[in-house]
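**Q** Structure file query.txt, compact mmCIF, C-alpha atoms and all ligand atoms, is pasted below:
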# COMPACT_ATOMS: atom_id res chain seq x y z
CA MET A 126 15.22 -12.45 14.24
CA ASN A 127 13.62 -12.05 17.67
CA SER A 128 11.19 -14.74 18.75
CA SER A 129 8.04 -12.84 17.81
CA GLY A 130 9.12 -12.39 14.18
CA GLN A 131 7.30 -13.93 11.26
CA ILE A 132 7.95 -14.76 7.63
CA VAL A 133 5.17 -14.58 5.07
CA PRO A 134 6.01 -16.32 1.79
CA VAL A 135 4.80 -14.82 -1.49
CA ASP A 136 4.47 -17.81 -3.75
CA LEU A 137 4.96 -16.77 -7.38
CA GLY A 138 7.01 -19.57 -8.93
CA SER A 139 10.39 -18.28 -10.05
CA ARG A 140 9.46 -14.81 -8.75
CA SER A 141 8.72 -16.04 -5.20
CA TYR A 142 10.05 -14.06 -2.25
CA GLU A 143 9.57 -13.67 1.46
CA ILE A 144 8.25 -10.88 3.63
CA SER A 145 10.12 -10.79 6.91
CA ILE A 146 8.23 -9.03 9.72
CA ALA A 147 9.44 -8.14 13.23
CA SER A 148 10.23 -5.20 15.44
CA GLY A 149 13.87 -4.08 15.30
CA LEU A 150 14.82 -5.84 12.06
CA LEU A 151 16.64 -3.08 10.18
CA PRO A 152 20.14 -3.93 11.46
CA GLN A 153 19.73 -7.40 9.94
CA LEU A 154 19.01 -6.19 6.41
CA GLY A 155 22.55 -6.62 5.08
CA GLY A 156 22.78 -10.28 6.05
CA ARG A 157 19.23 -11.04 4.96
CA LEU A 158 19.82 -9.43 1.58
CA ARG A 159 22.79 -11.71 0.94
CA GLN A 160 20.55 -14.70 1.71
CA TRP A 161 17.78 -13.48 -0.57
CA LEU A 162 20.24 -12.93 -3.41
CA GLN A 163 22.12 -16.15 -2.61
CA LEU A 164 25.38 -14.22 -2.37
CA ALA A 165 28.34 -15.55 -0.39
CA ASP A 166 29.47 -13.38 2.55
CA ASP A 167 32.53 -12.21 0.65
CA ALA A 168 30.89 -11.69 -2.76
CA ALA A 169 30.81 -8.08 -4.01
CA LEU A 170 27.52 -6.27 -3.37
CA LYS A 171 26.47 -2.85 -4.61
CA CYS A 172 23.30 -1.25 -3.22
CA PHE A 173 21.48 1.86 -4.36
CA VAL A 174 19.17 2.98 -1.55
CA ILE A 175 16.23 5.25 -2.42
CA THR A 176 14.46 7.06 0.38
CA ASP A 177 12.69 10.34 1.11
CA SER A 178 13.50 13.38 3.21
CA ASN A 179 11.34 12.26 6.19
CA VAL A 180 12.71 8.74 6.29
CA LEU A 181 16.43 9.31 5.70
CA GLN A 182 17.11 9.88 9.39
CA PRO A 183 16.93 7.51 11.16
CA HIS A 184 15.59 4.66 9.03
CA ALA A 185 17.50 4.88 5.73
CA ASN A 186 20.67 5.63 7.65
CA ALA A 187 20.12 2.46 9.70
CA VAL A 188 19.72 0.55 6.45
CA ARG A 189 22.91 2.12 5.11
CA SER A 190 24.83 0.99 8.22
CA SER A 191 23.52 -2.54 8.01
CA LEU A 192 24.40 -2.84 4.32
CA THR A 193 27.85 -1.35 4.85
CA GLN A 194 28.49 -3.76 7.71
CA ALA A 195 27.57 -6.60 5.38
CA GLY A 196 30.35 -5.42 3.07
CA ALA A 197 28.22 -3.62 0.49
CA THR A 198 29.14 -0.48 -1.41
CA VAL A 199 26.20 1.82 -0.74
CA GLN A 200 24.86 5.01 -2.26
CA VAL A 201 21.79 6.72 -0.81
CA ALA A 202 19.51 8.85 -2.98
CA CYS A 203 16.99 11.00 -1.14
CA VAL A 204 13.91 12.38 -2.92
CA PRO A 205 11.56 15.04 -1.49
CA SER A 206 8.74 13.46 0.53
CA GLY A 207 5.28 13.40 -1.03
CA GLU A 208 3.32 12.13 -4.01
CA ARG A 209 4.96 14.65 -6.36
CA SER A 210 8.17 12.62 -6.26
CA LYS A 211 6.38 9.79 -8.07
CA SER A 212 7.25 11.37 -11.41
CA ILE A 213 9.17 10.66 -14.60
CA ALA A 214 11.40 13.64 -13.75
CA GLU A 215 12.39 12.10 -10.41
CA ALA A 216 12.89 8.68 -12.02
CA SER A 217 15.11 10.31 -14.63
CA ASP A 218 17.21 11.97 -11.94
CA LEU A 219 17.64 8.58 -10.26
CA TYR A 220 18.73 7.02 -13.58
CA ASP A 221 21.44 9.72 -13.75
CA GLN A 222 22.60 8.85 -10.26
CA LEU A 223 22.66 5.14 -11.14
CA VAL A 224 24.88 5.90 -14.13
CA ASP A 225 27.26 7.92 -11.91
CA PHE A 226 27.26 5.05 -9.40
CA LYS A 227 28.29 2.73 -12.29
CA ALA A 228 25.36 0.49 -11.51
CA ASP A 229 25.22 -2.74 -13.45
CA ARG A 230 22.83 -5.71 -13.61
CA ARG A 231 24.09 -6.94 -10.25
CA THR A 232 23.30 -3.69 -8.43
CA VAL A 233 20.42 -3.95 -5.97
CA VAL A 234 17.89 -1.14 -5.50
CA VAL A 235 16.67 -0.83 -1.90
CA ALA A 236 13.49 1.20 -1.31
CA VAL A 237 13.26 2.60 2.23
CA GLY A 238 10.06 4.59 2.76
CA GLY A 239 6.34 4.64 2.14
CA GLY A 240 4.41 3.77 -0.99
CA VAL A 241 5.75 6.77 -2.88
CA VAL A 242 9.35 5.64 -2.47
CA GLY A 243 8.43 1.98 -3.05
CA ASP A 244 6.53 2.66 -6.28
CA LEU A 245 9.21 5.03 -7.61
CA ALA A 246 12.18 2.86 -6.64
CA GLY A 247 10.45 -0.25 -7.98
CA PHE A 248 9.80 1.49 -11.28
CA VAL A 249 13.41 2.63 -11.56
CA ALA A 250 14.56 -0.91 -10.72
CA ALA A 251 12.17 -2.40 -13.28
CA THR A 252 13.41 -0.16 -16.08
CA TYR A 253 17.10 0.56 -15.50
CA ALA A 254 19.30 -1.78 -17.55
CA ARG A 255 16.13 -3.80 -18.32
CA GLY A 256 15.66 -4.67 -14.70
CA LEU A 257 17.64 -4.54 -11.47
CA ARG A 258 16.91 -6.63 -8.43
CA PHE A 259 15.04 -4.74 -5.81
CA VAL A 260 14.21 -4.96 -2.13
CA GLN A 261 11.46 -3.17 -0.23
CA VAL A 262 11.81 -1.79 3.28
CA PRO A 263 8.39 -0.18 3.83
CA THR A 264 8.11 2.37 6.66
CA THR A 265 4.44 3.45 6.56
CA LEU A 266 1.60 1.18 7.64
CA LEU A 267 0.05 1.52 4.18
CA SER A 268 3.22 0.41 2.45
CA MET A 269 3.71 -2.48 4.91
CA VAL A 270 0.25 -3.92 4.39
CA ASP A 271 -0.36 -2.96 0.78
CA SER A 272 2.03 -1.30 -1.64
CA SER A 273 5.23 -3.24 -0.84
CA VAL A 274 3.53 -6.55 -1.60
CA GLY A 275 2.52 -7.58 -5.09
CA GLY A 276 4.99 -6.06 -7.52
CA LYS A 277 3.04 -3.08 -8.85
CA THR A 278 5.48 -0.23 -9.46
CA GLY A 279 5.06 3.07 -11.22
CA VAL A 280 4.98 6.82 -11.41
CA ASN A 281 2.23 9.35 -12.11
CA HIS A 282 1.51 11.15 -15.39
CA PRO A 283 0.07 14.69 -15.20
CA LYS A 284 -3.14 13.19 -16.67
CA GLY A 285 -3.41 10.23 -14.35
CA LYS A 286 -2.12 8.53 -11.22
CA ASN A 287 0.06 5.43 -11.69
CA LEU A 288 -0.37 5.65 -15.48
CA ILE A 289 3.24 4.67 -16.18
CA GLY A 290 4.44 1.51 -14.55
CA ALA A 291 5.50 -2.09 -14.61
CA PHE A 292 5.03 -5.28 -12.67
CA HIS A 293 8.35 -5.99 -10.96
CA GLN A 294 8.44 -8.27 -7.94
CA PRO A 295 11.00 -7.56 -5.22
CA ALA A 296 13.60 -10.12 -4.16
CA GLY A 297 12.41 -9.67 -0.59
CA VAL A 298 10.49 -7.36 1.72
CA MET A 299 11.78 -6.47 5.18
CA ILE A 300 9.23 -4.95 7.54
CA ASP A 301 10.56 -3.49 10.76
CA THR A 302 7.39 -2.53 12.63
CA ALA A 303 9.46 -0.32 14.96
CA THR A 304 9.87 2.15 12.10
CA LEU A 305 6.19 3.01 12.66
CA ASP A 306 7.18 4.73 15.93
CA THR A 307 8.04 7.87 13.97
CA LEU A 308 5.05 7.79 11.60
CA PRO A 309 2.66 10.74 12.07
CA GLU A 310 -0.69 9.82 13.63
CA ARG A 311 -2.81 10.64 10.60
CA GLU A 312 -0.63 8.56 8.27
CA TYR A 313 -0.82 5.65 10.69
CA ARG A 314 -4.62 5.78 10.93
CA SER A 315 -4.88 6.11 7.17
CA GLY A 316 -3.02 2.81 6.81
CA LEU A 317 -5.50 1.14 9.13
CA ALA A 318 -8.26 1.66 6.56
CA GLU A 319 -6.58 -0.86 4.23
CA VAL A 320 -6.26 -3.25 7.18
CA VAL A 321 -10.00 -3.03 7.88
CA LYS A 322 -10.55 -3.56 4.16
CA TYR A 323 -8.79 -6.95 4.25
CA GLY A 324 -11.14 -8.08 7.01
CA VAL A 325 -14.22 -7.10 5.02
CA ILE A 326 -13.13 -8.59 1.71
CA LEU A 327 -11.51 -11.83 2.88
CA ASP A 328 -11.49 -12.60 6.58
CA GLU A 329 -14.33 -12.13 9.04
CA THR A 330 -12.23 -13.61 11.87
CA PHE A 331 -9.58 -10.95 11.30
CA PHE A 332 -12.28 -8.25 11.25
CA ALA A 333 -13.55 -9.48 14.63
CA TRP A 334 -9.99 -9.60 15.96
CA LEU A 335 -9.55 -5.94 14.95
CA GLU A 336 -12.77 -5.08 16.81
CA ASP A 337 -11.40 -6.82 19.90
CA ASN A 338 -8.03 -5.07 19.69
CA VAL A 339 -8.99 -1.44 19.15
CA ALA A 340 -7.01 -0.29 22.21
CA GLY A 341 -3.84 -2.00 20.96
CA LEU A 342 -4.38 -0.57 17.49
CA ASN A 343 -4.67 2.94 18.88
CA GLU A 344 -1.60 2.51 21.10
CA ARG A 345 0.42 0.89 18.28
CA SER A 346 1.10 -2.03 20.60
CA PRO A 347 4.00 -4.06 19.12
CA ASP A 348 2.17 -7.40 19.37
CA VAL A 349 -0.94 -5.99 17.76
CA LEU A 350 1.10 -4.39 14.98
CA GLN A 351 2.90 -7.65 14.36
CA HIS A 352 -0.37 -9.52 13.79
CA VAL A 353 -1.99 -6.68 11.84
CA VAL A 354 0.92 -6.49 9.39
CA ALA A 355 1.49 -10.24 9.10
CA ARG A 356 -2.17 -11.13 8.52
CA SER A 357 -2.64 -8.28 6.03
CA CYS A 358 0.45 -9.39 4.11
CA GLU A 359 -0.80 -13.00 4.07
CA LEU A 360 -4.14 -11.91 2.67
CA LYS A 361 -2.60 -9.66 0.04
CA ALA A 362 -0.05 -12.36 -0.87
CA PHE A 363 -2.91 -14.84 -1.34
CA VAL A 364 -4.68 -12.49 -3.77
CA VAL A 365 -1.48 -11.68 -5.67
CA LYS A 366 -0.56 -15.36 -5.99
CA GLU A 367 -3.95 -16.12 -7.52
CA ASP A 368 -3.97 -13.13 -9.87
CA GLU A 369 -0.48 -11.64 -10.19
CA TYR A 370 -1.17 -9.60 -13.33
CA GLU A 371 -4.77 -8.63 -12.56
CA THR A 372 -6.23 -10.77 -15.32
CA SER A 373 -8.69 -13.09 -13.55
CA GLY A 374 -10.54 -10.35 -11.69
CA LEU A 375 -9.63 -11.61 -8.20
CA ARG A 376 -7.05 -8.87 -7.61
CA ALA A 377 -9.82 -6.33 -8.24
CA ILE A 378 -11.38 -7.19 -4.86
CA LEU A 379 -8.58 -5.10 -3.33
CA ASN A 380 -10.43 -2.13 -4.79
CA TYR A 381 -13.27 -2.43 -2.27
CA GLY A 382 -14.17 1.15 -1.29
CA HIS A 383 -11.78 2.54 -3.88
CA THR A 384 -14.20 3.52 -6.66
CA TYR A 385 -15.78 6.04 -4.32
CA ALA A 386 -12.41 6.85 -2.68
CA HIS A 387 -10.68 7.79 -5.93
CA ALA A 388 -13.47 10.24 -6.74
CA PHE A 389 -13.28 11.77 -3.25
CA GLU A 390 -9.50 12.11 -3.50
CA ALA A 391 -9.70 13.72 -6.93
CA LEU A 392 -12.38 16.22 -5.88
CA SER A 393 -11.13 17.22 -2.45
CA GLY A 394 -8.17 19.59 -2.41
CA TYR A 395 -4.64 18.23 -2.35
CA GLY A 396 -3.92 16.75 1.07
CA GLU A 397 -7.49 17.31 2.31
CA LEU A 398 -8.21 13.61 2.48
CA LEU A 399 -5.47 11.04 2.84
CA HIS A 400 -5.91 7.91 0.73
CA GLY A 401 -6.91 5.74 3.69
CA GLU A 402 -9.41 8.32 4.91
CA ALA A 403 -11.03 8.35 1.47
CA VAL A 404 -11.03 4.54 1.45
CA ALA A 405 -12.70 4.42 4.88
CA ILE A 406 -15.53 6.64 3.65
CA GLY A 407 -15.63 4.77 0.33
CA MET A 408 -16.09 1.42 2.07
CA ILE A 409 -19.12 2.76 3.93
CA CYS A 410 -20.63 4.12 0.69
CA GLY A 411 -19.93 0.76 -0.97
CA SER A 412 -21.61 -1.08 1.87
CA ARG A 413 -24.63 1.21 1.69
CA LEU A 414 -24.80 0.37 -2.00
CA ALA A 415 -24.66 -3.35 -1.19
CA HIS A 416 -27.46 -2.83 1.35
CA ARG A 417 -29.54 -0.85 -1.13
CA LEU A 418 -29.18 -3.72 -3.61
CA GLY A 419 -30.33 -6.19 -0.97
CA ARG A 420 -26.98 -7.94 -0.57
CA ILE A 421 -26.27 -7.30 3.12
CA ASN A 422 -28.14 -6.36 6.25
CA ALA A 423 -27.49 -3.08 8.04
CA SER A 424 -25.33 -4.69 10.73
CA VAL A 425 -22.54 -5.19 8.18
CA ILE A 426 -22.45 -1.42 7.60
CA ASP A 427 -22.74 -0.59 11.29
CA ARG A 428 -19.86 -2.83 12.36
CA GLN A 429 -17.59 -1.19 9.80
CA ILE A 430 -18.62 2.33 10.87
CA GLN A 431 -17.99 1.46 14.51
CA LEU A 432 -14.57 -0.06 13.86
CA LEU A 433 -13.45 2.79 11.59
CA GLN A 434 -14.59 5.40 14.10
CA ALA A 435 -12.93 3.53 16.97
CA VAL A 436 -9.57 3.79 15.21
CA GLY A 437 -10.09 7.47 14.42
CA LEU A 438 -11.09 7.21 10.77
CA PRO A 439 -13.93 9.12 9.10
CA SER A 440 -16.94 7.23 7.78
CA GLU A 441 -19.14 9.99 6.34
CA VAL A 442 -18.64 11.88 3.09
CA PRO A 443 -17.69 15.52 3.86
CA GLU A 444 -20.71 17.80 3.36
CA ALA A 445 -19.19 19.76 0.46
CA LEU A 446 -18.42 16.57 -1.47
CA ALA A 447 -21.68 14.74 -0.85
CA GLU A 448 -23.59 17.22 -3.03
CA GLN A 449 -21.31 16.89 -6.05
CA HIS A 450 -23.19 14.05 -7.72
CA THR A 451 -22.23 14.83 -11.30
CA ALA A 452 -18.57 15.42 -10.57
CA ILE A 453 -18.34 12.22 -8.55
CA LEU A 454 -19.94 10.17 -11.32
CA ASP A 455 -17.67 11.81 -13.91
CA CYS A 456 -14.61 10.82 -11.88
CA MET A 457 -15.84 7.24 -11.62
CA LEU A 458 -16.47 7.04 -15.36
CA LEU A 459 -12.96 8.38 -16.07
CA ASP A 460 -11.35 5.91 -13.68
CA LYS A 461 -8.97 3.69 -15.64
CA LYS A 462 -10.74 0.64 -14.24
CA THR A 463 -14.12 1.68 -15.71
CA VAL A 464 -14.77 0.06 -19.08
CA ALA A 465 -17.30 1.47 -21.60
CA GLY A 466 -19.23 3.45 -19.02
CA ASP A 467 -20.10 0.40 -16.94
CA LEU A 468 -19.87 1.43 -13.27
CA LYS A 469 -18.38 -1.51 -11.39
CA PHE A 470 -18.20 -1.88 -7.64
CA VAL A 471 -16.71 -4.40 -5.27
CA LEU A 472 -19.55 -5.10 -2.86
CA PRO A 473 -19.76 -7.28 0.25
CA ASP A 474 -22.40 -9.97 0.63
CA ARG A 475 -21.26 -10.57 4.22
CA LEU A 476 -18.22 -9.66 6.33
CA GLY A 477 -15.30 -11.56 4.82
CA HIS A 478 -16.65 -11.91 1.29
CA VAL A 479 -17.11 -9.54 -1.67
CA GLU A 480 -17.98 -9.73 -5.35
CA THR A 481 -17.49 -7.34 -8.25
CA MET A 482 -20.83 -6.11 -9.58
CA GLY A 483 -21.32 -4.32 -12.90
CA GLY A 484 -24.29 -2.46 -14.34
CA ILE A 485 -24.90 -0.31 -11.26
CA ALA A 486 -27.29 2.60 -11.84
CA ALA A 487 -25.90 6.11 -11.31
CA ASP A 488 -28.83 7.02 -9.02
CA ASP A 489 -27.98 4.15 -6.70
CA VAL A 490 -24.33 5.24 -6.61
CA THR A 491 -25.14 8.80 -5.57
CA ALA A 492 -27.92 7.80 -3.18
CA CYS A 493 -25.27 6.06 -1.06
CA LEU A 494 -23.19 9.18 -0.48
CA LYS A 495 -25.36 9.86 2.57
CA ALA A 496 -26.86 7.65 5.23
CA ASP A 497 -30.61 6.94 4.96
CA ASP A 498 -32.57 9.42 7.01
N1 LIG B 1 2.13 -0.49 -5.60
C1 LIG B 1 0.97 -0.73 -5.03
O1 LIG B 1 0.43 -1.83 -5.09
C2 LIG B 1 0.32 0.38 -4.24
C3 LIG B 1 -0.78 0.08 -3.41
C4 LIG B 1 -1.32 1.12 -2.65
C5 LIG B 1 -0.77 2.40 -2.73
N2 LIG B 1 0.27 2.64 -3.55
C6 LIG B 1 0.88 3.98 -3.63
O2 LIG B 1 1.44 4.29 -2.37
C7 LIG B 1 1.53 5.71 -2.24
C8 LIG B 1 1.12 6.10 -0.87
O3 LIG B 1 1.95 5.49 0.07
P1 LIG B 1 2.07 6.03 1.57
O4 LIG B 1 0.71 6.21 2.13
O5 LIG B 1 3.03 5.16 2.25
O6 LIG B 1 2.61 7.51 1.36
P2 LIG B 1 4.07 8.17 1.39
O7 LIG B 1 5.08 7.28 0.84
O8 LIG B 1 3.91 9.53 0.80
O9 LIG B 1 4.31 8.32 2.97
C9 LIG B 1 3.48 9.15 3.73
C10 LIG B 1 4.29 10.17 4.52
O10 LIG B 1 4.95 9.54 5.60
C11 LIG B 1 6.35 9.84 5.59
N3 LIG B 1 7.00 8.68 6.19
C12 LIG B 1 7.16 7.44 5.66
N4 LIG B 1 7.63 6.59 6.58
C13 LIG B 1 7.80 7.30 7.72
C14 LIG B 1 8.24 6.97 9.03
N5 LIG B 1 8.53 5.71 9.37
N6 LIG B 1 8.30 7.96 9.95
C15 LIG B 1 7.95 9.24 9.63
N7 LIG B 1 7.47 9.60 8.41
C16 LIG B 1 7.41 8.64 7.48
C17 LIG B 1 6.66 10.12 4.15
O11 LIG B 1 7.80 10.92 4.02
C18 LIG B 1 5.39 10.86 3.71
O12 LIG B 1 5.47 12.20 4.11
C19 LIG B 1 0.65 6.28 -3.34
O13 LIG B 1 1.47 6.85 -4.33
C20 LIG B 1 -0.09 5.08 -3.89
O14 LIG B 1 -0.38 5.20 -5.26
C21 LIG B 1 0.82 1.66 -4.30
ZN ZN B 2 -5.81 1.74 -1.29
Write the structure described by the file as structure tokens, please.

**A**
Amino acid sequence: MNSSGQIVPVDLGSRSYEISIASGLLPQLGGRLRQWLQLADDAALKCFVITDSNVLQPHANAVRSSLTQAGATVQVACVPSGERSKSIAEASDLYDQLVDFKADRRTVVVAVGGGVVGDLAGFVAATYARGLRFVQVPTTLLSMVDSSVGGKTGVNHPKGKNLIGAFHQPAGVMIDTATLDTLPEREYRSGLAEVVKYGVILDETFFAWLEDNVAGLNERSPDVLQHVVARSCELKAFVVKEDEYETSGLRAILNYGHTYAHAFEALSGYGELLHGEAVAIGMICGSRLAHRLGRINASVIDRQIQLLQAVGLPSEVPEALAEQHTAILDCMLLDKKTVAGDLKFVLPDRLGHVETMGGIAADDVTACLKADD
């Protein structure tokens, strides 16, 4: 690895693994995979690579070359790009291809792509032959800092997002930050919302570092990206280690901004708001709610608005959505994380610390869709 690379351990007992982060890493995947799987250089290795149509060339092809050079037998399956590929139908098609490939328990599934490919490939790996080993090579900022870490895999059901899934930790995650060079601008900025989120929920120093490095963030400076991805992965790994199966409540802090965001995503047309854009707006609504409940002063909201705007993210609810009080509340009540009609929100009490609060009144929730006049 080049000198600026970093390894973030994910400490989960027998399911522990490492996240390897550097620019230009893809050619090393084959060798690294043998280390992760503790396979001798001459031991047989069969890899089933899953990618999407935007990532195949050049990134999945680079992965294929690296694996082939390391002596692996490789098959590449390419699904259409987009959320619609996170389906049982697509998973079923991949099972068929695994059968044709004569995959067995030693076959390794390699996900090369964003969160859609990672969630789908992870789900296929978790379920085929009662579980194949699996490696993540995330290529969007969102998947690097969020979805590739933590072992949540799954597909969508027509009645609900991520309704069908399994926890299945990867054997390793390889993040080549140079793959972000080809990521469209809007997707990149959307990923930054989750990065800002980590600062607010867990790390005020990181939040301040982001404020100081806005120019590097906007230019995708390699050094800035390295720190952004590594620190985000450390923070997510810390949460996952403490609450792998989302039982203690700690993992729920990752949902800061998301109760509002999920409603905005559901109510705006398909593709109108990217997930990160909805999260950016949702964090500001959540902070207004915290302010309304007397938990923070206005500067905590203002610093978030300024940082989000500086990296090109929205912070205000679109006009047409802000009026839809009933529909927004209905979405929140239907959210699979809402129990018995109790609206729960992850709210900051300062930058770097949040708590989950229940029993929030509907009027307070809707009042925070707009800034105070
Ligand atoms: N498992 C988890 O813990 C977790 C956490 C957060 C989100 N998710 C899931 O992640 C998904 C969203 O992930 P996403 O935002 O990465 O979306 P995505 O996978 O759809 O990728 C976004 C777009 O970028 C393209 N792309 C990916 N890498 C590229 C590259 N390097 N260059 C050019 N184009 C590239 C893709 O083809 C796609 O069009 C959602 O389904 C969400 O539910 C899962
Ligand atoms: Zn999110």

**Q** Using all atoms listed in the file, find each protein or nucleic acid residue lying at most 7 Å from ligand ZN 2 (chain B); present the set as a list of chain:residue names.

**A**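 Sorted by chain and then by number, the residues are A:Glu319, A:Asn380, A:His383, A:His400, A:Gly401, A:Val404.
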
**Q** For ligand LIG 1 (chain B), which residue among A:Leu399, A:Ala214, A:Val188, A:Ala486 is the nearest when counting only C-alpha atoms and all ligand atoms?

**A**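 Closest residue, counting only C-alpha atoms and all ligand atoms: A:Leu399.
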
**Q** Do you know which residues are within 7 Å of ligand LIG 1 (chain B) using all atoms listed in the file? Can you write them as a VMD selection string?

**A** chain A and resid 177 to 180 206 to 208 211 238 to 242 244 264 to 268 271 to 278 287 304 to 309 312 316 400

**Q** Kindly extract all protein, DNA and RNA residues lying within 12 Å of the coordinates (-16.9, -13.5, 3.5) given in the file, considering all atoms listed in the file, and supply them as a list in words.

**A**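 Within 12 Å of (-16.9, -13.5, 3.5), the protein and nucleic acid residues are Lys322, Tyr323, Gly324, Val325, Ile326, Leu327, Asp328, Glu329, Thr330, Phe331, Phe332, Ile378, Ile421, Val425, Leu472, Pro473, Asp474, Arg475, Leu476, Gly477, His478, Val479 and Glu480 of chain A.
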
**Q** Please determine, counting only C-alpha atoms, which residue among A:Gly341, A:Gly138, A:Gly411, A:Gly243 has the shortest atom-to-atom distance to Asp489 of chain A.

**A** A:Gly411

**Q** Residues at most 9 Å from Val490 of chain A, counting only C-alpha atoms, excluding those fewer than 2 positions away in the same chain, as a CSV table (one decimal) with C-alpha atoms, keeping the file's coordinate frame?

**A**
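Contents of the output file out_38.csv:
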chain,number,residue,atom,x,y,z
A,385,TYR,CA,-15.8,6.0,-4.3
A,410,CYS,CA,-20.6,4.1,0.7
A,411,GLY,CA,-19.9,0.8,-1.0
A,414,LEU,CA,-24.8,0.4,-2.0
A,450,HIS,CA,-23.2,14.0,-7.7
A,454,LEU,CA,-19.9,10.2,-11.3
A,468,LEU,CA,-19.9,1.4,-13.3
A,485,ILE,CA,-24.9,-0.3,-11.3
A,486,ALA,CA,-27.3,2.6,-11.8
A,487,ALA,CA,-25.9,6.1,-11.3
A,488,ASP,CA,-28.8,7.0,-9.0
A,492,ALA,CA,-27.9,7.8,-3.2
A,493,CYS,CA,-25.3,6.1,-1.1
A,494,LEU,CA,-23.2,9.2,-0.5

**Q** Under the rule that all atoms listed in the file are counted, which of A:Ala303, A:Val339, A:Ala246, A:Leu458 is the nearest residue to Pro183 of chain A?

**A**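 Once distances to Pro183 of chain A are computed over all atoms listed in the file, the minimum belongs to A:Ala303.
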
**Q** Choose the residue, out of A:Glu215, A:Gln163, A:Val353, A:Thr463, that has the smallest atom-to-atom separation from Glu336 of chain A; count only C-alpha atoms.

**A**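 Between A:Glu215, A:Gln163, A:Val353, A:Thr463, the residue approaching Glu336 of chain A most closely is A:Val353.
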
**Q** Between A:Leu392, A:Leu317, A:Val237, A:Leu181, which one has atoms that come closest to Leu154 of chain A, using all atoms listed in the file?

**A** A:Val237

**Q** Counting only C-alpha atoms, figure out which residue out of A:Asp497, A:Asp460, A:Leu446, A:Asp221 gets nearest to Leu398 of chain A.

**A**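 The shortest atom-to-atom distance to Leu398 of chain A comes from A:Leu446.
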
**Q** Give me, as a PDB file with C-alpha atoms, in the coordinates of the input, all polymer residues having an atom no more than 7 Å from Gly297 of chain A, counting only C-alpha atoms and skipping those fewer than 2 positions away in the same chain.

**A**
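After the write, selection.pdb holds the following:
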ATOM      1  CA  TYR A 142      10.050 -14.060  -2.250  1.00  0.00           C
ATOM      2  CA  GLU A 143       9.570 -13.670   1.460  1.00  0.00           C
ATOM      3  CA  ILE A 144       8.250 -10.880   3.630  1.00  0.00           C
ATOM      4  CA  TRP A 161      17.780 -13.480  -0.570  1.00  0.00           C
ATOM      5  CA  VAL A 260      14.210  -4.960  -2.130  1.00  0.00           C
ATOM      6  CA  GLN A 261      11.460  -3.170  -0.230  1.00  0.00           C
ATOM      7  CA  PRO A 295      11.000  -7.560  -5.220  1.00  0.00           C
ATOM      8  CA  MET A 299      11.780  -6.470   5.180  1.00  0.00           C
TER       9      MET A 299
END
